[in-house]
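**Student:** The file below is run_16.pdb, PDB, N, CA and C atoms:
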ATOM      1  N   MET I 670       0.848  -1.187   0.000  1.00  0.00           N
ATOM      2  CA  MET I 670       0.000   0.000   0.000  1.00  0.00           C
ATOM      3  C   MET I 670       0.888   1.242   0.000  1.00  0.00           C
ATOM      4  N   ASN I 671       0.554   2.176  -0.871  1.00  0.00           N
ATOM      5  CA  ASN I 671       1.295   3.418  -0.954  1.00  0.00           C
ATOM      6  C   ASN I 671       0.887   4.313   0.208  1.00  0.00           C
ATOM      7  N   GLU I 672       1.841   4.735   1.014  1.00  0.00           N
ATOM      8  CA  GLU I 672       1.532   5.526   2.204  1.00  0.00           C
ATOM      9  C   GLU I 672       1.673   7.025   1.968  1.00  0.00           C
ATOM     10  N   GLU I 673       2.016   7.455   0.750  1.00  0.00           N
ATOM     11  CA  GLU I 673       2.159   8.880   0.474  1.00  0.00           C
ATOM     12  C   GLU I 673       0.801   9.576   0.546  1.00  0.00           C
ATOM     13  N   LEU I 674       0.741  10.648   1.287  1.00  0.00           N
ATOM     14  CA  LEU I 674      -0.501  11.406   1.405  1.00  0.00           C
ATOM     15  C   LEU I 674      -0.530  12.509   0.361  1.00  0.00           C
ATOM     16  N   ILE I 675      -1.693  12.725  -0.229  1.00  0.00           N
ATOM     17  CA  ILE I 675      -1.859  13.689  -1.309  1.00  0.00           C
ATOM     18  C   ILE I 675      -2.823  14.779  -0.841  1.00  0.00           C
ATOM     19  N   LYS I 676      -2.436  16.033  -1.017  1.00  0.00           N
ATOM     20  CA  LYS I 676      -3.280  17.158  -0.635  1.00  0.00           C
ATOM     21  C   LYS I 676      -4.568  17.149  -1.450  1.00  0.00           C
ATOM     22  N   THR I 677      -5.620  17.731  -0.893  1.00  0.00           N
ATOM     23  CA  THR I 677      -6.935  17.736  -1.528  1.00  0.00           C
ATOM     24  C   THR I 677      -6.893  18.304  -2.942  1.00  0.00           C
ATOM     25  N   GLY I 678      -6.265  19.448  -3.138  1.00  0.00           N
ATOM     26  CA  GLY I 678      -6.210  20.066  -4.465  1.00  0.00           C
ATOM     27  C   GLY I 678      -5.501  19.197  -5.481  1.00  0.00           C
ATOM     28  N   ASP I 679      -4.384  18.604  -5.075  1.00  0.00           N
ATOM     29  CA  ASP I 679      -3.634  17.726  -5.972  1.00  0.00           C
ATOM     30  C   ASP I 679      -4.430  16.466  -6.293  1.00  0.00           C
ATOM     31  N   PHE I 680      -5.093  15.931  -5.282  1.00  0.00           N
ATOM     32  CA  PHE I 680      -5.901  14.730  -5.484  1.00  0.00           C
ATOM     33  C   PHE I 680      -7.069  15.026  -6.418  1.00  0.00           C
ATOM     34  N   ALA I 681      -7.698  16.176  -6.249  1.00  0.00           N
ATOM     35  CA  ALA I 681      -8.812  16.568  -7.121  1.00  0.00           C
ATOM     36  C   ALA I 681      -8.348  16.647  -8.570  1.00  0.00           C
ATOM     37  N   LYS I 682      -7.184  17.243  -8.798  1.00  0.00           N
ATOM     38  CA  LYS I 682      -6.642  17.333 -10.159  1.00  0.00           C
ATOM     39  C   LYS I 682      -6.390  15.946 -10.735  1.00  0.00           C
ATOM     40  N   MET I 683      -5.823  15.052  -9.936  1.00  0.00           N
ATOM     41  CA  MET I 683      -5.550  13.686 -10.391  1.00  0.00           C
ATOM     42  C   MET I 683      -6.829  12.978 -10.828  1.00  0.00           C
ATOM     43  N   CYS I 684      -7.926  13.278 -10.123  1.00  0.00           N
ATOM     44  CA  CYS I 684      -9.206  12.613 -10.368  1.00  0.00           C
ATOM     45  C   CYS I 684     -10.091  13.376 -11.363  1.00  0.00           C
ATOM     46  N   ALA I 685      -9.625  14.531 -11.820  1.00  0.00           N
ATOM     47  CA  ALA I 685     -10.385  15.387 -12.745  1.00  0.00           C
ATOM     48  C   ALA I 685     -11.729  15.804 -12.145  1.00  0.00           C
ATOM     49  N   VAL I 686     -11.703  16.158 -10.860  1.00  0.00           N
ATOM     50  CA  VAL I 686     -12.882  16.691 -10.180  1.00  0.00           C
ATOM     51  C   VAL I 686     -12.451  17.957  -9.443  1.00  0.00           C
ATOM     52  N   THR I 687     -13.411  18.676  -8.914  1.00  0.00           N
ATOM     53  CA  THR I 687     -13.093  19.858  -8.118  1.00  0.00           C
ATOM     54  C   THR I 687     -12.909  19.458  -6.652  1.00  0.00           C
ATOM     55  N   LYS I 688     -12.285  20.352  -5.904  1.00  0.00           N
ATOM     56  CA  LYS I 688     -12.181  20.131  -4.461  1.00  0.00           C
ATOM     57  C   LYS I 688     -13.577  20.079  -3.857  1.00  0.00           C
ATOM     58  N   LYS I 689     -14.465  20.932  -4.353  1.00  0.00           N
ATOM     59  CA  LYS I 689     -15.836  20.949  -3.845  1.00  0.00           C
ATOM     60  C   LYS I 689     -16.495  19.584  -4.036  1.00  0.00           C
ATOM     61  N   ALA I 690     -16.242  18.942  -5.172  1.00  0.00           N
ATOM     62  CA  ALA I 690     -16.813  17.608  -5.418  1.00  0.00           C
ATOM     63  C   ALA I 690     -16.331  16.621  -4.356  1.00  0.00           C
ATOM     64  N   LEU I 691     -15.064  16.695  -3.996  1.00  0.00           N
ATOM     65  CA  LEU I 691     -14.540  15.796  -2.959  1.00  0.00           C
ATOM     66  C   LEU I 691     -15.237  16.048  -1.631  1.00  0.00           C
ATOM     67  N   TYR I 692     -15.493  17.318  -1.314  1.00  0.00           N
ATOM     68  CA  TYR I 692     -16.189  17.647  -0.068  1.00  0.00           C
ATOM     69  C   TYR I 692     -17.626  17.129  -0.099  1.00  0.00           C
ATOM     70  N   VAL I 693     -18.268  17.234  -1.265  1.00  0.00           N
ATOM     71  CA  VAL I 693     -19.640  16.721  -1.406  1.00  0.00           C
ATOM     72  C   VAL I 693     -19.641  15.209  -1.239  1.00  0.00           C
ATOM     73  N   TYR I 694     -18.704  14.516  -1.878  1.00  0.00           N
ATOM     74  CA  TYR I 694     -18.622  13.056  -1.739  1.00  0.00           C
ATOM     75  C   TYR I 694     -18.429  12.669  -0.280  1.00  0.00           C
ATOM     76  N   GLU I 695     -17.602  13.437   0.425  1.00  0.00           N
ATOM     77  CA  GLU I 695     -17.386  13.157   1.847  1.00  0.00           C
ATOM     78  C   GLU I 695     -18.667  13.386   2.645  1.00  0.00           C
ATOM     79  N   ALA I 696     -19.337  14.502   2.388  1.00  0.00           N
ATOM     80  CA  ALA I 696     -20.568  14.827   3.120  1.00  0.00           C
ATOM     81  C   ALA I 696     -21.656  13.785   2.895  1.00  0.00           C
ATOM     82  N   LYS I 697     -21.680  13.196   1.699  1.00  0.00           N
ATOM     83  CA  LYS I 697     -22.677  12.176   1.383  1.00  0.00           C
ATOM     84  C   LYS I 697     -22.244  10.780   1.857  1.00  0.00           C
ATOM     85  N   GLY I 698     -21.038  10.689   2.426  1.00  0.00           N
ATOM     86  CA  GLY I 698     -20.554   9.407   2.924  1.00  0.00           C
ATOM     87  C   GLY I 698     -20.007   8.495   1.841  1.00  0.00           C
ATOM     88  N   LEU I 699     -19.677   9.059   0.687  1.00  0.00           N
ATOM     89  CA  LEU I 699     -19.184   8.257  -0.436  1.00  0.00           C
ATOM     90  C   LEU I 699     -17.670   8.109  -0.444  1.00  0.00           C
ATOM     91  N   LEU I 700     -16.973   9.072   0.120  1.00  0.00           N
ATOM     92  CA  LEU I 700     -15.512   9.087   0.092  1.00  0.00           C
ATOM     93  C   LEU I 700     -15.002   9.701   1.380  1.00  0.00           C
ATOM     94  N   LYS I 701     -14.168   8.977   2.062  1.00  0.00           N
ATOM     95  CA  LYS I 701     -13.588   9.479   3.296  1.00  0.00           C
ATOM     96  C   LYS I 701     -12.106   9.751   3.061  1.00  0.00           C
ATOM     97  N   PRO I 702     -11.625  10.940   3.418  1.00  0.00           N
ATOM     98  CA  PRO I 702     -10.185  11.197   3.280  1.00  0.00           C
ATOM     99  C   PRO I 702      -9.396  10.172   4.091  1.00  0.00           C
ATOM    100  N   ALA I 703      -8.204   9.853   3.616  1.00  0.00           N
ATOM    101  CA  ALA I 703      -7.354   8.906   4.341  1.00  0.00           C
ATOM    102  C   ALA I 703      -6.964   9.484   5.696  1.00  0.00           C
ATOM    103  N   VAL I 704      -6.724  10.802   5.720  1.00  0.00           N
ATOM    104  CA  VAL I 704      -6.300  11.478   6.949  1.00  0.00           C
ATOM    105  C   VAL I 704      -6.929  12.866   6.982  1.00  0.00           C
ATOM    106  N   VAL I 705      -7.424  13.249   8.145  1.00  0.00           N
ATOM    107  CA  VAL I 705      -7.840  14.635   8.387  1.00  0.00           C
ATOM    108  C   VAL I 705      -6.999  15.128   9.557  1.00  0.00           C
ATOM    109  N   LYS I 706      -6.169  16.113   9.275  1.00  0.00           N
ATOM    110  CA  LYS I 706      -5.270  16.650  10.305  1.00  0.00           C
ATOM    111  C   LYS I 706      -6.053  17.526  11.291  1.00  0.00           C
ATOM    112  N   ASP I 707      -5.434  17.845  12.401  1.00  0.00           N
ATOM    113  CA  ASP I 707      -6.053  18.695  13.418  1.00  0.00           C
ATOM    114  C   ASP I 707      -6.479  20.051  12.860  1.00  0.00           C
ATOM    115  N   ASN I 708      -5.749  20.534  11.841  1.00  0.00           N
ATOM    116  CA  ASN I 708      -6.064  21.828  11.247  1.00  0.00           C
ATOM    117  C   ASN I 708      -7.208  21.741  10.226  1.00  0.00           C
ATOM    118  N   GLY I 709      -7.763  20.538  10.042  1.00  0.00           N
ATOM    119  CA  GLY I 709      -8.876  20.341   9.109  1.00  0.00           C
ATOM    120  C   GLY I 709      -8.452  19.983   7.704  1.00  0.00           C
ATOM    121  N   TYR I 710      -7.166  20.020   7.410  1.00  0.00           N
ATOM    122  CA  TYR I 710      -6.694  19.671   6.073  1.00  0.00           C
ATOM    123  C   TYR I 710      -6.931  18.189   5.820  1.00  0.00           C
ATOM    124  N   ARG I 711      -7.412  17.903   4.626  1.00  0.00           N
ATOM    125  CA  ARG I 711      -7.706  16.524   4.250  1.00  0.00           C
ATOM    126  C   ARG I 711      -6.628  16.015   3.302  1.00  0.00           C
ATOM    127  N   TYR I 712      -6.300  14.752   3.459  1.00  0.00           N
ATOM    128  CA  TYR I 712      -5.295  14.108   2.617  1.00  0.00           C
ATOM    129  C   TYR I 712      -5.848  12.774   2.136  1.00  0.00           C
ATOM    130  N   TYR I 713      -5.451  12.419   0.931  1.00  0.00           N
ATOM    131  CA  TYR I 713      -5.923  11.196   0.294  1.00  0.00           C
ATOM    132  C   TYR I 713      -4.727  10.344  -0.094  1.00  0.00           C
ATOM    133  N   ARG I 714      -4.991   9.102  -0.439  1.00  0.00           N
ATOM    134  CA  ARG I 714      -3.961   8.183  -0.909  1.00  0.00           C
ATOM    135  C   ARG I 714      -4.232   7.842  -2.364  1.00  0.00           C
ATOM    136  N   LEU I 715      -3.193   7.500  -3.072  1.00  0.00           N
ATOM    137  CA  LEU I 715      -3.295   7.168  -4.489  1.00  0.00           C
ATOM    138  C   LEU I 715      -4.326   6.075  -4.742  1.00  0.00           C
ATOM    139  N   GLU I 716      -4.435   5.141  -3.823  1.00  0.00           N
ATOM    140  CA  GLU I 716      -5.376   4.032  -3.967  1.00  0.00           C
ATOM    141  C   GLU I 716      -6.829   4.502  -4.062  1.00  0.00           C
ATOM    142  N   GLN I 717      -7.106   5.721  -3.607  1.00  0.00           N
ATOM    143  CA  GLN I 717      -8.473   6.228  -3.596  1.00  0.00           C
ATOM    144  C   GLN I 717      -8.919   6.802  -4.940  1.00  0.00           C
ATOM    145  N   VAL I 718      -8.007   6.926  -5.893  1.00  0.00           N
ATOM    146  CA  VAL I 718      -8.365   7.433  -7.224  1.00  0.00           C
ATOM    147  C   VAL I 718      -9.428   6.547  -7.850  1.00  0.00           C
ATOM    148  N   ASP I 719      -9.271   5.237  -7.734  1.00  0.00           N
ATOM    149  CA  ASP I 719     -10.265   4.310  -8.296  1.00  0.00           C
ATOM    150  C   ASP I 719     -11.628   4.486  -7.645  1.00  0.00           C
ATOM    151  N   GLN I 720     -11.649   4.792  -6.369  1.00  0.00           N
ATOM    152  CA  GLN I 720     -12.912   5.006  -5.666  1.00  0.00           C
ATOM    153  C   GLN I 720     -13.643   6.227  -6.244  1.00  0.00           C
ATOM    154  N   VAL I 721     -12.901   7.292  -6.525  1.00  0.00           N
ATOM    155  CA  VAL I 721     -13.509   8.487  -7.119  1.00  0.00           C
ATOM    156  C   VAL I 721     -14.023   8.166  -8.523  1.00  0.00           C
ATOM    157  N   ALA I 722     -13.261   7.393  -9.282  1.00  0.00           N
ATOM    158  CA  ALA I 722     -13.706   7.007 -10.628  1.00  0.00           C
ATOM    159  C   ALA I 722     -15.012   6.225 -10.558  1.00  0.00           C
ATOM    160  N   THR I 723     -15.138   5.358  -9.582  1.00  0.00           N
ATOM    161  CA  THR I 723     -16.371   4.585  -9.404  1.00  0.00           C
ATOM    162  C   THR I 723     -17.531   5.497  -9.034  1.00  0.00           C
ATOM    163  N   ILE I 724     -17.295   6.435  -8.134  1.00  0.00           N
ATOM    164  CA  ILE I 724     -18.345   7.387  -7.742  1.00  0.00           C
ATOM    165  C   ILE I 724     -18.806   8.175  -8.965  1.00  0.00           C
ATOM    166  N   ARG I 725     -17.853   8.662  -9.760  1.00  0.00           N
ATOM    167  CA  ARG I 725     -18.203   9.442 -10.947  1.00  0.00           C
ATOM    168  C   ARG I 725     -18.992   8.603 -11.945  1.00  0.00           C
ATOM    169  N   HIS I 726     -18.595   7.354 -12.110  1.00  0.00           N
ATOM    170  CA  HIS I 726     -19.294   6.458 -13.037  1.00  0.00           C
ATOM    171  C   HIS I 726     -20.755   6.276 -12.621  1.00  0.00           C
ATOM    172  N   TRP I 727     -20.968   5.955 -11.355  1.00  0.00           N
ATOM    173  CA  TRP I 727     -22.324   5.717 -10.877  1.00  0.00           C
ATOM    174  C   TRP I 727     -23.143   7.005 -10.816  1.00  0.00           C
ATOM    175  N   ALA I 728     -22.496   8.112 -10.502  1.00  0.00           N
ATOM    176  CA  ALA I 728     -23.207   9.396 -10.494  1.00  0.00           C
ATOM    177  C   ALA I 728     -23.703   9.738 -11.892  1.00  0.00           C
ATOM    178  N   ALA I 729     -22.871   9.500 -12.903  1.00  0.00           N
ATOM    179  CA  ALA I 729     -23.275   9.769 -14.289  1.00  0.00           C
ATOM    180  C   ALA I 729     -24.433   8.860 -14.696  1.00  0.00           C
ATOM    181  N   ALA I 730     -24.356   7.598 -14.318  1.00  0.00           N
ATOM    182  CA  ALA I 730     -25.432   6.654 -14.648  1.00  0.00           C
ATOM    183  C   ALA I 730     -26.737   7.082 -13.972  1.00  0.00           C
ATOM    184  N   CYS I 731     -26.644   7.494 -12.715  1.00  0.00           N
ATOM    185  CA  CYS I 731     -27.846   7.917 -11.987  1.00  0.00           C
ATOM    186  C   CYS I 731     -28.422   9.212 -12.558  1.00  0.00           C
ATOM    187  N   ARG I 732     -27.546  10.124 -12.992  1.00  0.00           N
ATOM    188  CA  ARG I 732     -28.035  11.357 -13.616  1.00  0.00           C
ATOM    189  C   ARG I 732     -28.815  11.044 -14.887  1.00  0.00           C
ATOM    190  N   ARG I 733     -28.321  10.090 -15.659  1.00  0.00           N
ATOM    191  CA  ARG I 733     -29.030   9.695 -16.884  1.00  0.00           C
ATOM    192  C   ARG I 733     -30.405   9.129 -16.547  1.00  0.00           C
ATOM    193  N   LEU I 734     -30.502   8.482 -15.395  1.00  0.00           N
ATOM    194  CA  LEU I 734     -31.788   7.933 -14.974  1.00  0.00           C
ATOM    195  C   LEU I 734     -32.625   8.938 -14.188  1.00  0.00           C
ATOM    196  N   GLY I 735     -32.023  10.073 -13.892  1.00  0.00           N
ATOM    197  CA  GLY I 735     -32.737  11.118 -13.154  1.00  0.00           C
ATOM    198  C   GLY I 735     -32.870  10.846 -11.675  1.00  0.00           C
ATOM    199  N   THR I 736     -31.932  10.072 -11.109  1.00  0.00           N
ATOM    200  CA  THR I 736     -32.044   9.700  -9.695  1.00  0.00           C
ATOM    201  C   THR I 736     -30.891  10.201  -8.842  1.00  0.00           C
ATOM    202  N   PHE I 737     -30.071  11.107  -9.361  1.00  0.00           N
ATOM    203  CA  PHE I 737     -28.920  11.573  -8.598  1.00  0.00           C
ATOM    204  C   PHE I 737     -28.885  13.092  -8.597  1.00  0.00           C
ATOM    205  N   SER I 738     -28.686  13.664  -7.418  1.00  0.00           N
ATOM    206  CA  SER I 738     -28.468  15.096  -7.332  1.00  0.00           C
ATOM    207  C   SER I 738     -27.365  15.351  -6.329  1.00  0.00           C
ATOM    208  N   PRO I 739     -26.203  15.791  -6.806  1.00  0.00           N
ATOM    209  CA  PRO I 739     -25.061  16.012  -5.893  1.00  0.00           C
ATOM    210  C   PRO I 739     -25.274  17.136  -4.923  1.00  0.00           C
TER     211      PRO I 739
END
Using structure tokens, write down the structure that the file contains.
**Tutor:**
Amino acid sequence: MNEELIKTGDFAKMCAVTKKALYVYEAKGLLKPAVVKDNGYRYYRLEQVDQVATIRHWAAACRRLGTFSP
């Protein structure tokens, strides 16, 4: 397992989403940051990129069906 922590902005760029999208995914219980520091900064791991891709895939499918609102 890769233990390198990735800042929220960098992780968002890697996943082709906005930082706001990551916060929404977290609020909806879809994605939990690997680490949340005492200062509130969130960090992710490379392994979580696939999780974001899955969320985006299912969100797009649900939007086509009219059952998803972020």
**Student:** Please determine, counting only C-alpha atoms, which residue among I:Ala690, I:Ala681, I:Ala730, I:Ala696 has the shortest atom-to-atom distance to Gln717 of chain I.
**Tutor:**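 Comparing I:Ala690, I:Ala681, I:Ala730, I:Ala696 against Gln717 of chain I, the winner is I:Ala681.
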**Student:** Go through I:Val704, I:Ala685, I:Arg733, I:Ile675 and flag the residue nearest Val721 of chain I, using only C-alpha atoms for the distances.
**Tutor:**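 Looking only at the distances to Val721 of chain I, the closest residue turns out to be I:Ala685.
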**Student:** Show me, as a list in words, the residues that have an atom within 12 Å of Tyr710 of chain I when counting only C-alpha atoms, minus same-chain residues fewer than 3 positions from it.
**Tutor:**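 Close residues of Tyr710 of chain I: Leu674, Ile675, Lys676, Thr677, Gly678, Lys688, Tyr692, Pro702, Ala703, Val704, Val705, Lys706, Asp707 and Tyr713 of chain I.
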**Student:** So how far away is atom N of Arg714 of chain I from atom N of Glu673 of chain I, in Å?
**Tutor:** 7.3 Å
**Student:** I'd like the interatomic distance between atom N of Glu672 of chain I and atom C of Gln720 of chain I, to a tenth of an Å.
**Tutor:**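 Those two atoms sit 17.2 Å apart.
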**Student:** With only C-alpha atoms as the atoms that count, which of I:Thr687, I:Asp679, I:Leu699, I:Arg711 lies nearest to Ala728 of chain I?
**Tutor:**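 Between I:Thr687, I:Asp679, I:Leu699, I:Arg711, the residue approaching Ala728 of chain I most closely is I:Leu699.
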**Student:** Could you please determine the separation between atom N of Lys682 of chain I and atom C of Leu734 of chain I in Å, to one decimal place?
**Tutor:**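 Between atom N of Lys682 of chain I and atom C of Leu734 of chain I the gap is 27.3 Å.
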**Student:** Given the choices I:Val718, I:Leu700, I:Val693, I:Cys731, which gets closest to Phe680 of chain I if the distance is worked out from only C-alpha atoms?
**Tutor:**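 Result for the nearest residue to Phe680 of chain I: I:Val718.
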**Student:** Counting only C-alpha atoms, which of I:Glu695, I:Val686, I:Lys701, I:Asn708 gets nearest to Arg725 of chain I?
**Tutor:**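 Ranked by minimum distance to Arg725 of chain I, first place goes to I:Val686.
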